[in-house]
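Everything below belongs to target.cif, which stores mmCIF, C-alpha atoms and all ligand atoms.
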```cif
data_work
#
loop_
_atom_site.label_atom_id
_atom_site.label_comp_id
_atom_site.auth_asym_id
_atom_site.auth_seq_id
_atom_site.Cartn_x
_atom_site.Cartn_y
_atom_site.Cartn_z
CA MET N 1 7.57 139.20 -38.26
CA ASN N 2 7.08 135.43 -38.69
CA ASP N 3 6.98 133.13 -35.66
CA PHE N 4 10.25 131.32 -35.20
CA LYS N 5 12.11 128.91 -32.98
CA CYS N 6 15.75 128.96 -31.97
CA VAL N 7 17.77 125.79 -31.29
CA VAL N 8 21.51 126.11 -30.74
CA PRO N 9 23.82 123.46 -29.31
CA ARG N 10 26.08 123.86 -26.33
CA VAL N 11 29.20 125.58 -27.75
CA LEU N 12 32.70 125.58 -26.29
CA PHE N 13 34.64 128.06 -28.40
CA GLY N 14 38.33 128.95 -28.29
CA ALA N 15 41.89 127.88 -28.92
CA GLY N 16 42.60 124.65 -27.03
CA ARG N 17 38.97 123.87 -26.13
CA ARG N 18 39.33 120.41 -27.74
CA LYS N 19 41.10 119.41 -24.53
CA GLU N 20 37.71 119.45 -22.78
CA LEU N 21 36.47 116.63 -25.00
CA GLY N 22 36.86 113.87 -22.41
CA GLU N 23 34.78 115.73 -19.84
CA GLU N 24 32.06 116.52 -22.41
CA ALA N 25 31.93 113.02 -23.84
CA ARG N 26 31.77 111.31 -20.45
CA GLN N 27 28.35 112.85 -19.88
CA TRP N 28 26.87 110.90 -22.79
CA GLY N 29 28.19 107.36 -22.52
CA THR N 30 31.17 105.10 -22.10
CA ARG N 31 31.86 103.69 -25.57
CA VAL N 32 32.70 106.19 -28.29
CA PHE N 33 32.45 105.74 -32.03
CA LEU N 34 35.15 108.19 -33.13
CA ALA N 35 34.64 109.46 -36.71
CA LEU N 36 37.94 110.98 -37.68
CA ASP N 37 39.05 112.95 -40.72
CA PRO N 38 41.66 110.83 -42.59
CA TYR N 39 43.89 113.91 -42.88
CA LEU N 40 43.95 114.38 -39.11
CA GLN N 41 44.68 110.76 -38.48
CA HIS N 42 47.81 111.05 -40.61
CA ALA N 43 48.70 114.39 -39.04
CA GLY N 44 48.74 112.85 -35.57
CA VAL N 45 45.75 114.83 -34.26
CA GLY N 46 43.79 111.59 -34.21
CA LYS N 47 46.09 110.16 -31.55
CA GLU N 48 45.66 113.27 -29.40
CA ILE N 49 41.86 113.08 -29.69
CA GLU N 50 41.87 109.37 -28.88
CA SER N 51 43.96 109.93 -25.77
CA LEU N 52 41.67 112.76 -24.63
CA LEU N 53 38.88 110.20 -24.69
CA THR N 54 40.74 107.24 -23.20
CA GLY N 55 42.13 109.59 -20.56
CA ALA N 56 38.52 110.14 -19.46
CA SER N 57 38.07 106.34 -19.13
CA LEU N 58 36.10 106.00 -22.35
CA ALA N 59 36.47 103.07 -24.75
CA VAL N 60 37.12 104.24 -28.32
CA VAL N 61 36.30 102.71 -31.69
CA PRO N 62 38.24 104.87 -34.18
CA TYR N 63 37.00 105.09 -37.78
CA ALA N 64 38.73 107.14 -40.46
CA ASP N 65 37.64 105.51 -43.72
CA ILE N 66 35.58 108.59 -44.63
CA GLU N 67 35.65 110.32 -48.01
CA PRO N 68 34.77 113.94 -48.75
CA ASP N 69 31.03 114.17 -49.52
CA PRO N 70 30.52 110.97 -47.54
CA GLY N 71 28.76 108.05 -49.18
CA CYS N 72 25.52 106.81 -47.65
CA PHE N 73 26.49 103.13 -47.98
CA GLN N 74 29.74 103.72 -46.14
CA ALA N 75 27.76 105.28 -43.29
CA ASP N 76 25.54 102.18 -43.15
CA LYS N 77 28.65 99.98 -42.85
CA ALA N 78 30.15 102.15 -40.14
CA ALA N 79 26.85 102.17 -38.25
CA ALA N 80 26.84 98.36 -38.26
CA LEU N 81 30.28 98.49 -36.65
CA ALA N 82 29.08 101.04 -34.06
CA ARG N 83 26.18 98.74 -33.19
CA GLU N 84 28.39 95.66 -33.02
CA GLU N 85 30.80 97.52 -30.72
CA ARG N 86 27.87 98.74 -28.59
CA CYS N 87 28.91 102.38 -28.95
CA ASP N 88 26.66 104.76 -27.07
CA LEU N 89 27.86 108.06 -28.51
CA VAL N 90 29.57 109.46 -31.59
CA VAL N 91 32.43 111.93 -31.52
CA ALA N 92 33.13 113.42 -34.96
CA VAL N 93 36.34 115.35 -35.61
CA GLY N 94 36.90 116.72 -39.10
CA GLY N 95 35.53 118.78 -41.94
CA GLY N 96 31.82 118.90 -42.71
CA SER N 97 32.07 115.50 -44.42
CA VAL N 98 33.21 113.79 -41.23
CA LEU N 99 30.77 115.65 -38.98
CA ASP N 100 27.91 114.62 -41.28
CA PHE N 101 29.22 111.07 -41.46
CA GLY N 102 29.21 110.90 -37.66
CA LYS N 103 25.64 112.21 -37.54
CA GLY N 104 24.57 109.58 -40.11
CA VAL N 105 26.22 106.82 -38.08
CA ALA N 106 24.36 108.10 -34.99
CA VAL N 107 21.06 107.80 -36.87
CA VAL N 108 21.57 104.42 -38.52
CA ALA N 109 23.16 102.79 -35.45
CA GLY N 110 20.12 103.66 -33.35
CA ASN N 111 17.22 103.29 -35.78
CA PRO N 112 15.87 100.87 -38.39
CA GLY N 113 16.68 101.70 -42.03
CA THR N 114 19.61 103.09 -43.98
CA ALA N 115 21.18 106.55 -44.11
CA TRP N 116 19.70 107.25 -47.55
CA GLN N 117 16.20 106.23 -46.39
CA HIS N 118 16.47 108.94 -43.74
CA THR N 119 17.32 111.72 -46.23
CA ARG N 120 14.69 114.27 -47.16
CA ARG N 121 13.67 113.96 -50.82
CA LYS N 122 10.67 114.47 -53.04
CA ASP N 123 10.78 110.89 -54.35
CA HIS N 124 10.40 108.99 -51.06
CA THR N 125 8.94 109.45 -47.60
CA PRO N 126 11.98 109.76 -45.35
CA LEU N 127 12.35 107.64 -42.24
CA VAL N 128 12.35 109.77 -39.10
CA PRO N 129 15.22 109.29 -36.64
CA GLY N 130 13.82 108.20 -33.29
CA PRO N 131 14.99 108.43 -29.67
CA GLY N 132 17.54 105.63 -30.28
CA THR N 133 19.69 108.08 -32.25
CA LEU N 134 23.11 108.23 -30.58
CA PRO N 135 24.27 111.55 -29.11
CA VAL N 136 26.88 113.36 -31.23
CA ILE N 137 29.75 115.63 -30.17
CA ALA N 138 31.32 117.62 -33.01
CA LEU N 139 34.75 119.20 -33.43
CA PRO N 140 35.06 121.02 -36.78
CA THR N 141 38.48 121.19 -38.45
CA THR N 142 37.44 123.40 -41.37
CA ALA N 143 35.78 126.81 -41.11
CA GLY N 144 33.07 126.15 -43.64
CA THR N 145 29.98 124.04 -43.22
CA GLY N 146 28.98 124.94 -39.67
CA SER N 147 27.70 121.36 -39.44
CA GLU N 148 28.60 121.42 -35.73
CA MET N 149 25.61 123.75 -35.26
CA THR N 150 23.02 122.17 -37.55
CA HIS N 151 20.37 119.49 -37.72
CA TYR N 152 21.58 118.47 -41.19
CA ALA N 153 23.78 115.65 -42.45
CA VAL N 154 24.49 115.55 -46.18
CA PHE N 155 25.15 112.22 -47.94
CA SER N 156 26.18 111.24 -51.44
CA ASN N 157 24.60 108.30 -53.17
CA PRO N 158 27.24 107.08 -55.64
CA GLU N 159 24.69 104.93 -57.49
CA LEU N 160 22.39 107.90 -58.21
CA ARG N 161 25.20 110.52 -58.34
CA GLU N 162 23.08 112.68 -56.05
CA LYS N 163 23.38 114.22 -52.60
CA SER N 164 20.58 114.34 -50.04
CA THR N 165 20.24 115.51 -46.48
CA ILE N 166 19.07 113.95 -43.23
CA VAL N 167 17.15 116.66 -41.39
CA SER N 168 16.46 116.03 -37.71
CA GLU N 169 16.88 117.86 -34.43
CA ARG N 170 18.11 114.56 -33.00
CA ILE N 171 21.43 115.05 -34.81
CA ILE N 172 22.12 118.51 -33.44
CA PRO N 173 25.38 117.94 -31.59
CA LYS N 174 25.08 117.76 -27.81
CA ALA N 175 28.24 119.84 -27.73
CA ALA N 176 30.25 121.66 -30.39
CA LEU N 177 33.89 122.14 -29.43
CA VAL N 178 34.99 124.85 -31.86
CA ASP N 179 38.76 125.02 -31.51
CA PRO N 180 40.33 127.26 -34.19
CA GLU N 181 43.70 125.54 -33.69
CA LEU N 182 42.23 122.52 -35.48
CA THR N 183 41.92 124.63 -38.66
CA TYR N 184 45.56 125.83 -38.76
CA SER N 185 46.54 122.97 -41.04
CA CYS N 186 43.96 123.84 -43.73
CA PRO N 187 45.95 124.86 -46.82
CA PRO N 188 45.07 128.17 -48.55
CA GLN N 189 42.79 126.68 -51.20
CA LEU N 190 40.78 124.66 -48.66
CA THR N 191 40.54 127.73 -46.40
CA ALA N 192 39.30 129.79 -49.35
CA LEU N 193 36.73 127.30 -50.61
CA THR N 194 35.34 126.51 -47.18
CA GLY N 195 35.25 130.26 -46.48
CA VAL N 196 33.09 130.77 -49.56
CA ASP N 197 30.74 128.13 -48.17
CA VAL N 198 30.36 130.16 -44.96
CA LEU N 199 29.72 133.30 -47.00
CA ALA N 200 27.11 131.54 -49.12
CA HIS N 201 25.34 130.15 -46.05
CA CYS N 202 25.03 133.61 -44.58
CA ILE N 203 23.95 135.32 -47.80
CA GLU N 204 21.36 132.67 -48.55
CA ALA N 205 19.97 132.53 -45.01
CA TYR N 206 19.66 136.32 -45.06
CA ILE N 207 17.82 136.60 -48.39
CA ASN N 208 15.65 133.50 -47.79
CA VAL N 209 12.03 134.66 -48.08
CA SER N 210 11.20 132.83 -44.82
CA SER N 211 14.30 133.96 -42.96
CA THR N 212 14.05 134.54 -39.23
CA PRO N 213 15.30 137.46 -37.12
CA PHE N 214 17.83 135.15 -35.52
CA ALA N 215 19.17 133.86 -38.85
CA ARG N 216 19.44 137.42 -40.17
CA LEU N 217 21.22 138.63 -37.06
CA VAL N 218 23.90 135.95 -37.11
CA SER N 219 24.27 136.09 -40.92
CA LEU N 220 25.13 139.77 -41.03
CA GLU N 221 27.68 139.46 -38.24
CA ALA N 222 29.33 136.51 -39.98
CA ILE N 223 29.42 138.33 -43.34
CA ARG N 224 31.12 141.26 -41.66
CA LEU N 225 33.73 138.88 -40.18
CA ILE N 226 34.26 137.11 -43.50
CA GLY N 227 34.83 140.39 -45.38
CA ALA N 228 37.39 141.46 -42.80
CA TRP N 229 39.17 138.15 -42.06
CA LEU N 230 38.81 135.54 -44.80
CA PRO N 231 41.55 137.03 -47.03
CA ARG N 232 43.92 137.03 -44.05
CA ALA N 233 43.05 133.46 -43.04
CA VAL N 234 43.85 132.39 -46.62
CA ALA N 235 47.09 134.36 -46.83
CA GLU N 236 48.37 133.63 -43.30
CA GLY N 237 47.27 130.18 -42.20
CA SER N 238 48.75 130.43 -38.73
CA ASN N 239 47.23 133.84 -37.93
CA LEU N 240 45.27 132.89 -34.80
CA GLU N 241 43.08 135.96 -34.93
CA ALA N 242 42.03 135.29 -38.53
CA ARG N 243 41.42 131.60 -37.81
CA GLN N 244 39.39 132.48 -34.70
CA HIS N 245 37.18 134.93 -36.57
CA MET N 246 36.60 132.47 -39.40
CA ALA N 247 35.84 129.59 -37.02
CA TRP N 248 33.26 131.79 -35.32
CA ALA N 249 31.87 133.01 -38.64
CA SER N 250 31.49 129.38 -39.69
CA ALA N 251 29.61 128.50 -36.51
CA LEU N 252 27.38 131.55 -37.03
CA GLY N 253 26.82 130.44 -40.64
CA GLY N 254 25.75 127.04 -39.33
CA MET N 255 23.30 128.71 -36.94
CA ALA N 256 22.04 130.80 -39.87
CA ILE N 257 21.24 127.85 -42.14
CA ALA N 258 19.83 125.91 -39.22
CA HIS N 259 17.23 128.69 -38.87
CA ALA N 260 16.74 129.64 -42.53
CA ASN N 261 17.48 127.19 -45.33
CA PRO N 262 20.10 127.98 -47.95
CA THR N 263 18.46 128.98 -51.24
CA LEU N 264 19.33 128.85 -54.94
CA PRO N 265 23.17 128.90 -54.94
CA HIS N 266 23.33 125.87 -52.63
CA ALA N 267 20.53 124.13 -54.51
CA LEU N 268 22.32 124.44 -57.85
CA GLY N 269 25.84 124.01 -56.46
CA GLN N 270 25.03 120.93 -54.42
CA ALA N 271 23.28 119.24 -57.36
CA VAL N 272 26.52 119.61 -59.35
CA GLY N 273 28.66 118.61 -56.35
CA GLY N 274 26.82 115.30 -56.05
CA PHE N 275 26.86 114.70 -59.81
CA VAL N 276 30.55 115.30 -60.50
CA HIS N 277 31.84 114.77 -56.93
CA ALA N 278 33.31 118.28 -56.67
CA PRO N 279 34.38 120.03 -53.44
CA HIS N 280 31.31 121.55 -51.84
CA GLY N 281 32.71 125.10 -51.56
CA ALA N 282 33.82 125.08 -55.19
CA SER N 283 30.44 123.99 -56.53
CA VAL N 284 28.70 126.78 -54.61
CA ALA N 285 31.40 129.33 -55.55
CA ALA N 286 30.81 128.61 -59.25
CA CYS N 287 27.33 130.17 -59.18
CA LEU N 288 27.10 132.40 -56.08
CA ALA N 289 27.91 135.83 -57.56
CA ALA N 290 26.08 135.09 -60.82
CA ILE N 291 22.89 134.20 -58.94
CA MET N 292 23.20 137.31 -56.78
CA GLY N 293 23.60 139.34 -59.97
CA ILE N 294 20.23 138.19 -61.31
CA SER N 295 18.41 138.22 -57.95
CA HIS N 296 19.09 141.54 -56.22
CA GLU N 297 16.18 143.35 -57.87
CA ALA N 298 13.76 140.90 -56.25
CA ALA N 299 14.80 141.96 -52.72
CA PRO N 300 16.83 145.18 -52.99
CA GLN N 301 16.86 146.00 -49.28
CA ASP N 302 18.22 142.56 -48.32
CA PHE N 303 20.95 142.64 -50.95
CA ALA N 304 21.80 146.23 -50.01
CA ASP N 305 22.26 145.06 -46.39
CA LEU N 306 24.66 142.36 -47.59
CA ALA N 307 26.73 144.94 -49.48
CA ALA N 308 26.96 147.20 -46.43
CA ALA N 309 28.08 144.24 -44.27
CA LEU N 310 30.83 143.35 -46.74
CA GLU N 311 31.93 146.92 -47.38
CA PRO N 312 30.85 149.53 -44.82
CA ALA N 313 31.58 152.29 -47.40
CA ALA N 314 28.78 150.89 -49.59
CA ALA N 315 26.24 152.04 -47.00
CA GLY N 316 26.22 155.52 -48.59
CA LEU N 317 25.04 154.31 -52.05
CA PRO N 318 21.42 154.59 -53.18
CA LEU N 319 19.40 151.43 -52.47
CA ALA N 320 19.31 149.85 -55.94
CA GLU N 321 22.98 150.58 -56.54
CA ARG N 322 23.93 149.16 -53.14
CA ALA N 323 21.90 146.01 -53.85
CA ALA N 324 23.66 145.51 -57.21
CA ARG N 325 27.01 146.16 -55.54
CA SER N 326 26.57 143.07 -53.31
CA ALA N 327 27.18 140.72 -56.26
CA VAL N 328 30.26 142.70 -57.34
CA LEU N 329 31.67 142.65 -53.82
CA VAL N 330 31.30 138.89 -53.63
CA GLU N 331 33.00 138.52 -57.00
CA GLU N 332 35.86 140.75 -55.84
CA LEU N 333 36.24 138.84 -52.57
CA LEU N 334 36.41 135.52 -54.44
CA GLU N 335 39.01 137.01 -56.77
CA ARG N 336 41.07 138.24 -53.80
CA ILE N 337 41.18 134.78 -52.23
CA GLY N 338 42.00 133.07 -55.54
CA VAL N 339 38.66 131.35 -56.10
CA ARG N 340 37.88 131.45 -59.83
CA VAL N 341 35.86 128.39 -60.57
CA ARG N 342 33.44 127.40 -63.28
CA PHE N 343 31.17 124.35 -63.38
CA GLY N 344 32.96 123.13 -66.54
CA GLU N 345 36.26 122.95 -64.64
CA LEU N 346 34.55 120.80 -62.02
CA GLY N 347 33.58 118.30 -64.70
CA LEU N 348 30.08 119.38 -65.67
CA ARG N 349 29.34 119.17 -69.42
CA GLU N 350 26.73 120.95 -71.51
CA GLU N 351 24.91 117.64 -72.06
CA ASP N 352 24.63 117.11 -68.25
CA ILE N 353 22.75 120.35 -67.64
CA GLU N 354 19.26 118.99 -68.17
CA ARG N 355 19.90 116.07 -65.80
CA VAL N 356 21.51 118.24 -63.12
CA THR N 357 18.62 120.70 -63.37
CA GLN N 358 16.23 117.82 -62.73
CA ILE N 359 18.29 116.74 -59.73
CA ALA N 360 18.20 120.29 -58.33
CA LEU N 361 14.44 120.50 -58.81
CA THR N 362 13.87 117.12 -57.11
CA GLY N 363 16.43 117.19 -54.33
CA TYR N 364 16.61 120.90 -53.49
CA PHE N 365 13.08 122.08 -54.11
CA THR N 366 12.83 123.74 -50.69
CA GLY N 367 15.88 125.94 -51.24
CA ILE N 368 14.70 126.89 -54.72
CA SER N 369 11.25 127.86 -53.49
CA LEU N 370 12.70 130.06 -50.71
CA HIS N 371 14.91 132.10 -53.04
CA PRO N 372 13.64 135.69 -53.49
CA LYS N 373 13.72 135.51 -57.29
CA LYS N 374 11.37 132.82 -58.55
CA VAL N 375 13.05 130.53 -61.06
CA GLU N 376 11.75 127.69 -63.23
CA LYS N 377 13.54 124.95 -65.11
CA GLU N 378 14.51 127.12 -68.11
CA GLU N 379 16.07 129.83 -65.94
CA ILE N 380 18.01 127.23 -63.92
CA MET N 381 19.41 125.78 -67.13
CA ARG N 382 20.40 129.28 -68.24
CA ILE N 383 22.27 129.82 -64.96
CA TYR N 384 24.13 126.53 -65.37
CA ARG N 385 25.07 127.44 -68.95
CA GLY N 386 26.21 130.91 -67.88
CA CYS N 387 28.47 129.45 -65.18
CA LEU N 388 29.79 126.55 -67.27
P1 LIG N 401 35.45 118.17 -46.22
O1 LIG N 401 35.03 117.76 -44.87
O2 LIG N 401 34.90 117.40 -47.38
O3 LIG N 401 37.03 118.14 -46.29
C1 LIG N 401 37.72 118.47 -47.48
C2 LIG N 401 39.17 117.99 -47.38
O4 LIG N 401 39.84 118.71 -46.36
C3 LIG N 401 39.28 116.52 -46.99
O5 LIG N 401 40.26 115.93 -47.81
C4 LIG N 401 39.74 116.54 -45.54
O6 LIG N 401 40.51 115.42 -45.20
C5 LIG N 401 40.55 117.81 -45.51
N1 LIG N 401 40.66 118.47 -44.19
C6 LIG N 401 39.70 118.60 -43.23
N2 LIG N 401 40.18 119.31 -42.19
C7 LIG N 401 41.48 119.60 -42.46
C8 LIG N 401 42.50 120.31 -41.78
N3 LIG N 401 42.29 120.85 -40.59
N4 LIG N 401 43.71 120.40 -42.37
C9 LIG N 401 43.94 119.88 -43.60
N5 LIG N 401 43.01 119.20 -44.30
C10 LIG N 401 41.79 119.07 -43.74
O7 LIG N 401 35.13 119.70 -46.48
P2 LIG N 401 34.00 120.63 -45.87
O8 LIG N 401 33.82 121.71 -46.85
O9 LIG N 401 34.27 120.97 -44.47
O10 LIG N 401 32.69 119.71 -45.87
C11 LIG N 401 31.95 119.50 -47.03
C12 LIG N 401 30.78 118.56 -46.77
O11 LIG N 401 29.89 119.13 -45.78
C13 LIG N 401 29.95 118.37 -48.02
O12 LIG N 401 29.53 117.01 -48.11
C14 LIG N 401 28.75 119.28 -47.79
O13 LIG N 401 27.62 118.88 -48.53
C15 LIG N 401 28.55 119.15 -46.30
N6 LIG N 401 27.82 120.27 -45.66
C16 LIG N 401 27.13 119.97 -44.53
C17 LIG N 401 26.41 120.96 -43.87
C18 LIG N 401 25.62 120.62 -42.65
O14 LIG N 401 24.99 121.49 -42.04
N7 LIG N 401 25.60 119.38 -42.22
C19 LIG N 401 26.42 122.28 -44.35
C20 LIG N 401 27.16 122.55 -45.49
C21 LIG N 401 27.87 121.54 -46.14
#
```

Once you've parsed the file, please lay out its structure as C-alpha cells.
Amino acid sequence: MNDFKCVVPRVLFGAGRRKELGEEARQWGTRVFLALDPYLQHAGVGKEIESLLTGASLAVVPYADIEPDPGCFQADKAAALAREERCDLVVAVGGGSVLDFGKGVAVVAGNPGTAWQHTRRKDHTPLVPGPGTLPVIALPTTAGTGSEMTHYAVFSNPELREKSTIVSERIIPKAALVDPELTYSCPPQLTALTGVDVLAHCIEAYINVSSTPFARLVSLEAIRLIGAWLPRAVAEGSNLEARQHMAWASALGGMAIAHANPTLPHALGQAVGGFVHAPHGASVAACLAAIMGISHEAAPQDFADLAAALEPAAAGLPLAERAARSAVLVEELLERIGVRVRFGELGLREEDIERVTQIALTGYFTGISLHPKKVEKEEIMRIYRGCL
C-alpha cells in the first residue's frame, strides 16, 4: 500500500443545514464576499442566504455575475472588488462553477498575481497561494463536482479556449454546508449531467494507478449510491431521499478526487469542455463508457469492483467478464437517465481534434499519466473520433 494523506473539510450535512451559515461564517471574519449562483439569486435563495449572514452581524458584498465554467478574468475583477471592500472571507453558494469562482476570488484577493497564473499547467510555473488566501465556506447547489470537498478550482481562459485548475490546500473550504434542499430546483437534465460527473469522479479515482485506500473506500460507496439513487433523483426532483443520497455521493466523489486525481475521461472531457464551452458533465459523459470499454483489460480487478458496486448481481461473473460489464453498466445507466451525448453535438469538429488532443496532453497530463491504460497522442485522437 502506498503512503497517503487524508484532508477533509468540516462538513455539515443534512436538509436545512444552510441555516447554520451565519454561525459558521462568523468564526472566519466580519465582511463576506458572497459568490452566488445567478439562478439562485433569481429564485430568491440569494436573499435567504444574505439574511442568514446579515442576521449574524456580518457585512455582505453579494456577487452573482458568474458564468458556468467561470472565466479567470472575471475572477480577477471580482477579487479586486473583494479587496476594495476589505472582505475577509468568501462564502460561495452554487454549482461547481460558483464554488470554484469563490475559491479563485479567495486566492487572488489575498495574493499577488492573477487566477490564471495560479493554475497548474505544463507551460508555466504556477504561483502558489500564500497565507493571505481568504477562508472559503461552500454550499453546493448541484450534486456533481464535489468542489465543496476539494483543493481544486477550475477556470476557463476565454482567450486560449482552455480550462486549468488552481490546486492548493489553502482553498479547501473551512466548512462545507451540504444541504440537499438546495438541489431540489435542479431540473432533470442538470441532475443527470451533474450525476454523471459524480460517477466519473468515483470511477476515475478508483482506477487511478496511484489511488489511495481512502479514495477507493469513498468511491465505491458513492458508486453504490449513484446506481441506486441517481435515476430516482432525475425522475423525481423533490424526492428528499434521492436528493440526500446524491448530495452525499457528490461529497464523497469530491473526497475521492481530492485524494486520487481523475484520469483519462476527465482529461479528455475537460479539454473539450474548455474548447467548446460545453457543460462539464456532458463533456465527460461523451467519453466515459467508451474509455472504460478500452481500459478494463489493463486493470480487470478494479473494473470488476466497479461493476459489482453498480450492480450487485454482477459479483457472480468471472473476473474478465465482470470487468467488461462495468462499461456496459455505465452505458445503461446513462441511457436510463437520458444522457446520450456525443462530442460532435457539443460543438467539436473533426478538424478540432488535433488541437484538443494537444490541449489535453498539455493541461491534463497528470490525469492521463495516472490512467491504467497507457495512451499516446494517436490513441487519444482515436477516442475523440470514436466519440464524435
Ligand atoms: P455549474 O455550476 O456550471 O451550473 C450549471 C448550471 O446550473 C448553471 O446555469 C447554474 O446557474 C445552474 N444551477 C446551479 N444550481 C442550481 C439549482 N440548484 N437549481 C437550478 N439551477 C442550478 O455546474 P456544475 O456541474 O456544478 O459545475 C461545473 C464546473 O465545476 C465546471 O467548471 C467544472 O470544471 C468544475 N469542477 C470543479 C471541481 C472541483 O473540485 N473544484 C470538480 C469537478 C468539476

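From atom CA of Glu297 of chain N back to atom CA of Leu319 of chain N, the distance works out to 10.2 Å.
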
Among listed residues N:Leu36, N:Ala315, N:Ile294, N:Val341, nearest ligand LIG 401 (chain N) (using all atoms listed in the file): N:Leu36

Report as JSON lines the residues of segment 208-264 of chain N within 12 Å of segment 183-189 of chain N, each with its shortest atom pair and distance in Å (one decimal), using all atoms listed in the file, ordered by chain and increasing residue number.
```
{"residue": "N:Leu230", "atom": "CA", "partner": "N:Pro188", "partner_atom": "CA", "distance": 10.4}
{"residue": "N:Pro231", "atom": "CA", "partner": "N:Pro188", "partner_atom": "CA", "distance": 9.7}
{"residue": "N:Arg232", "atom": "CA", "partner": "N:Pro188", "partner_atom": "CA", "distance": 10.0}
{"residue": "N:Ala233", "atom": "CA", "partner": "N:Pro188", "partner_atom": "CA", "distance": 7.9}
{"residue": "N:Val234", "atom": "CA", "partner": "N:Pro188", "partner_atom": "CA", "distance": 4.8}
{"residue": "N:Ala235", "atom": "CA", "partner": "N:Pro188", "partner_atom": "CA", "distance": 6.7}
{"residue": "N:Glu236", "atom": "CA", "partner": "N:Pro188", "partner_atom": "CA", "distance": 8.3}
{"residue": "N:Gly237", "atom": "CA", "partner": "N:Tyr184", "partner_atom": "CA", "distance": 5.8}
{"residue": "N:Ser238", "atom": "CA", "partner": "N:Tyr184", "partner_atom": "CA", "distance": 5.6}
{"residue": "N:Asn239", "atom": "CA", "partner": "N:Tyr184", "partner_atom": "CA", "distance": 8.2}
{"residue": "N:Leu240", "atom": "CA", "partner": "N:Tyr184", "partner_atom": "CA", "distance": 8.1}
{"residue": "N:Glu241", "atom": "CA", "partner": "N:Tyr184", "partner_atom": "CA", "distance": 11.1}
{"residue": "N:Ala242", "atom": "CA", "partner": "N:Tyr184", "partner_atom": "CA", "distance": 10.1}
{"residue": "N:Arg243", "atom": "CA", "partner": "N:Thr183", "partner_atom": "CA", "distance": 7.0}
{"residue": "N:Gln244", "atom": "CA", "partner": "N:Thr183", "partner_atom": "CA", "distance": 9.1}
{"residue": "N:His245", "atom": "CA", "partner": "N:Thr183", "partner_atom": "CA", "distance": 11.5}
{"residue": "N:Met246", "atom": "CA", "partner": "N:Thr183", "partner_atom": "CA", "distance": 9.5}
{"residue": "N:Ala247", "atom": "CA", "partner": "N:Thr183", "partner_atom": "CA", "distance": 8.0}
{"residue": "N:Trp248", "atom": "CA", "partner": "N:Thr183", "partner_atom": "CA", "distance": 11.7}
{"residue": "N:Ser250", "atom": "CA", "partner": "N:Thr183", "partner_atom": "CA", "distance": 11.5}
```

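For the residues N:Thr212, N:Val136, N:Lys377, N:Val339, ranking by smallest atom-to-atom distance to Asn2 of chain N using only C-alpha atoms places N:Thr212 first.
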
Shell of 6 Å around Leu252 of chain N, only C-alpha atoms, local chain residues under 3 positions omitted, as a list of chain:residue names: N:Val218, N:Ala249, N:Met255

Within 12 Å of Arg322 of chain N using all atoms listed in the file, minus same-chain residues under 3 positions, as a ChimeraX atom specification: /N:293,296-297,299-319,325-329

Point-to-point distance in Å for atom CA of Ala115 of chain N and atom CA of Val167 of chain N: 11.2 Å

Residue nearest Leu388 of chain N - candidates N:Ala290, N:Ala106, N:Leu12, N:Ala360, atoms counted: only C-alpha atoms: N:Ala290

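In terms of minimum interatomic distance to Ala205 of chain N, N:Pro262 ranks closest within N:Gly110, N:Pro173, N:Pro262, N:Gly347, counting all atoms listed in the file.
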
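As for atom CA of Ala79 of chain N and atom CA of Ser51 of chain N, they are spaced 22.6 Å apart.
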
All residues 8 Å or closer to Ser295 of chain N, all atoms listed in the file, same chain fewer than 4 positions away omitted, as a VMD selection string: chain N and resid 291 299 372 to 373

Spatial neighbours of Pro131 of chain N, 12 Å, all atoms listed in the file, chain gap at least 4 places, as JSON, numbers by chain: {"N": [106, 107, 108, 109, 110, 111, 112, 135, 168, 169, 170, 171]}

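Closest approach to Ser369 of chain N among N:Thr125, N:Asn208, N:Arg349, N:His277 is made by N:Asn208 (distances from only C-alpha atoms).
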
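Nearest residue to His259 of chain N among N:Leu225, N:Leu53, N:Ala64, N:Cys202 is N:Cys202, counting all atoms listed in the file.
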
Excluding Leu346 of chain N and its own-chain neighbours fewer than 5 positions away, which residues fall within 8 Å of it when counting only C-alpha atoms? Please give them as a PDB file with C-alpha atoms, in the frame of the given file.
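result25.pdb, freshly written:
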```pdb
ATOM      1  CA  VAL N 276      30.550 115.300 -60.500  1.00  0.00           C
ATOM      2  CA  ALA N 278      33.310 118.280 -56.670  1.00  0.00           C
ATOM      3  CA  SER N 283      30.440 123.990 -56.530  1.00  0.00           C
ATOM      4  CA  VAL N 341      35.860 128.390 -60.570  1.00  0.00           C
TER       5      VAL N 341
END
```
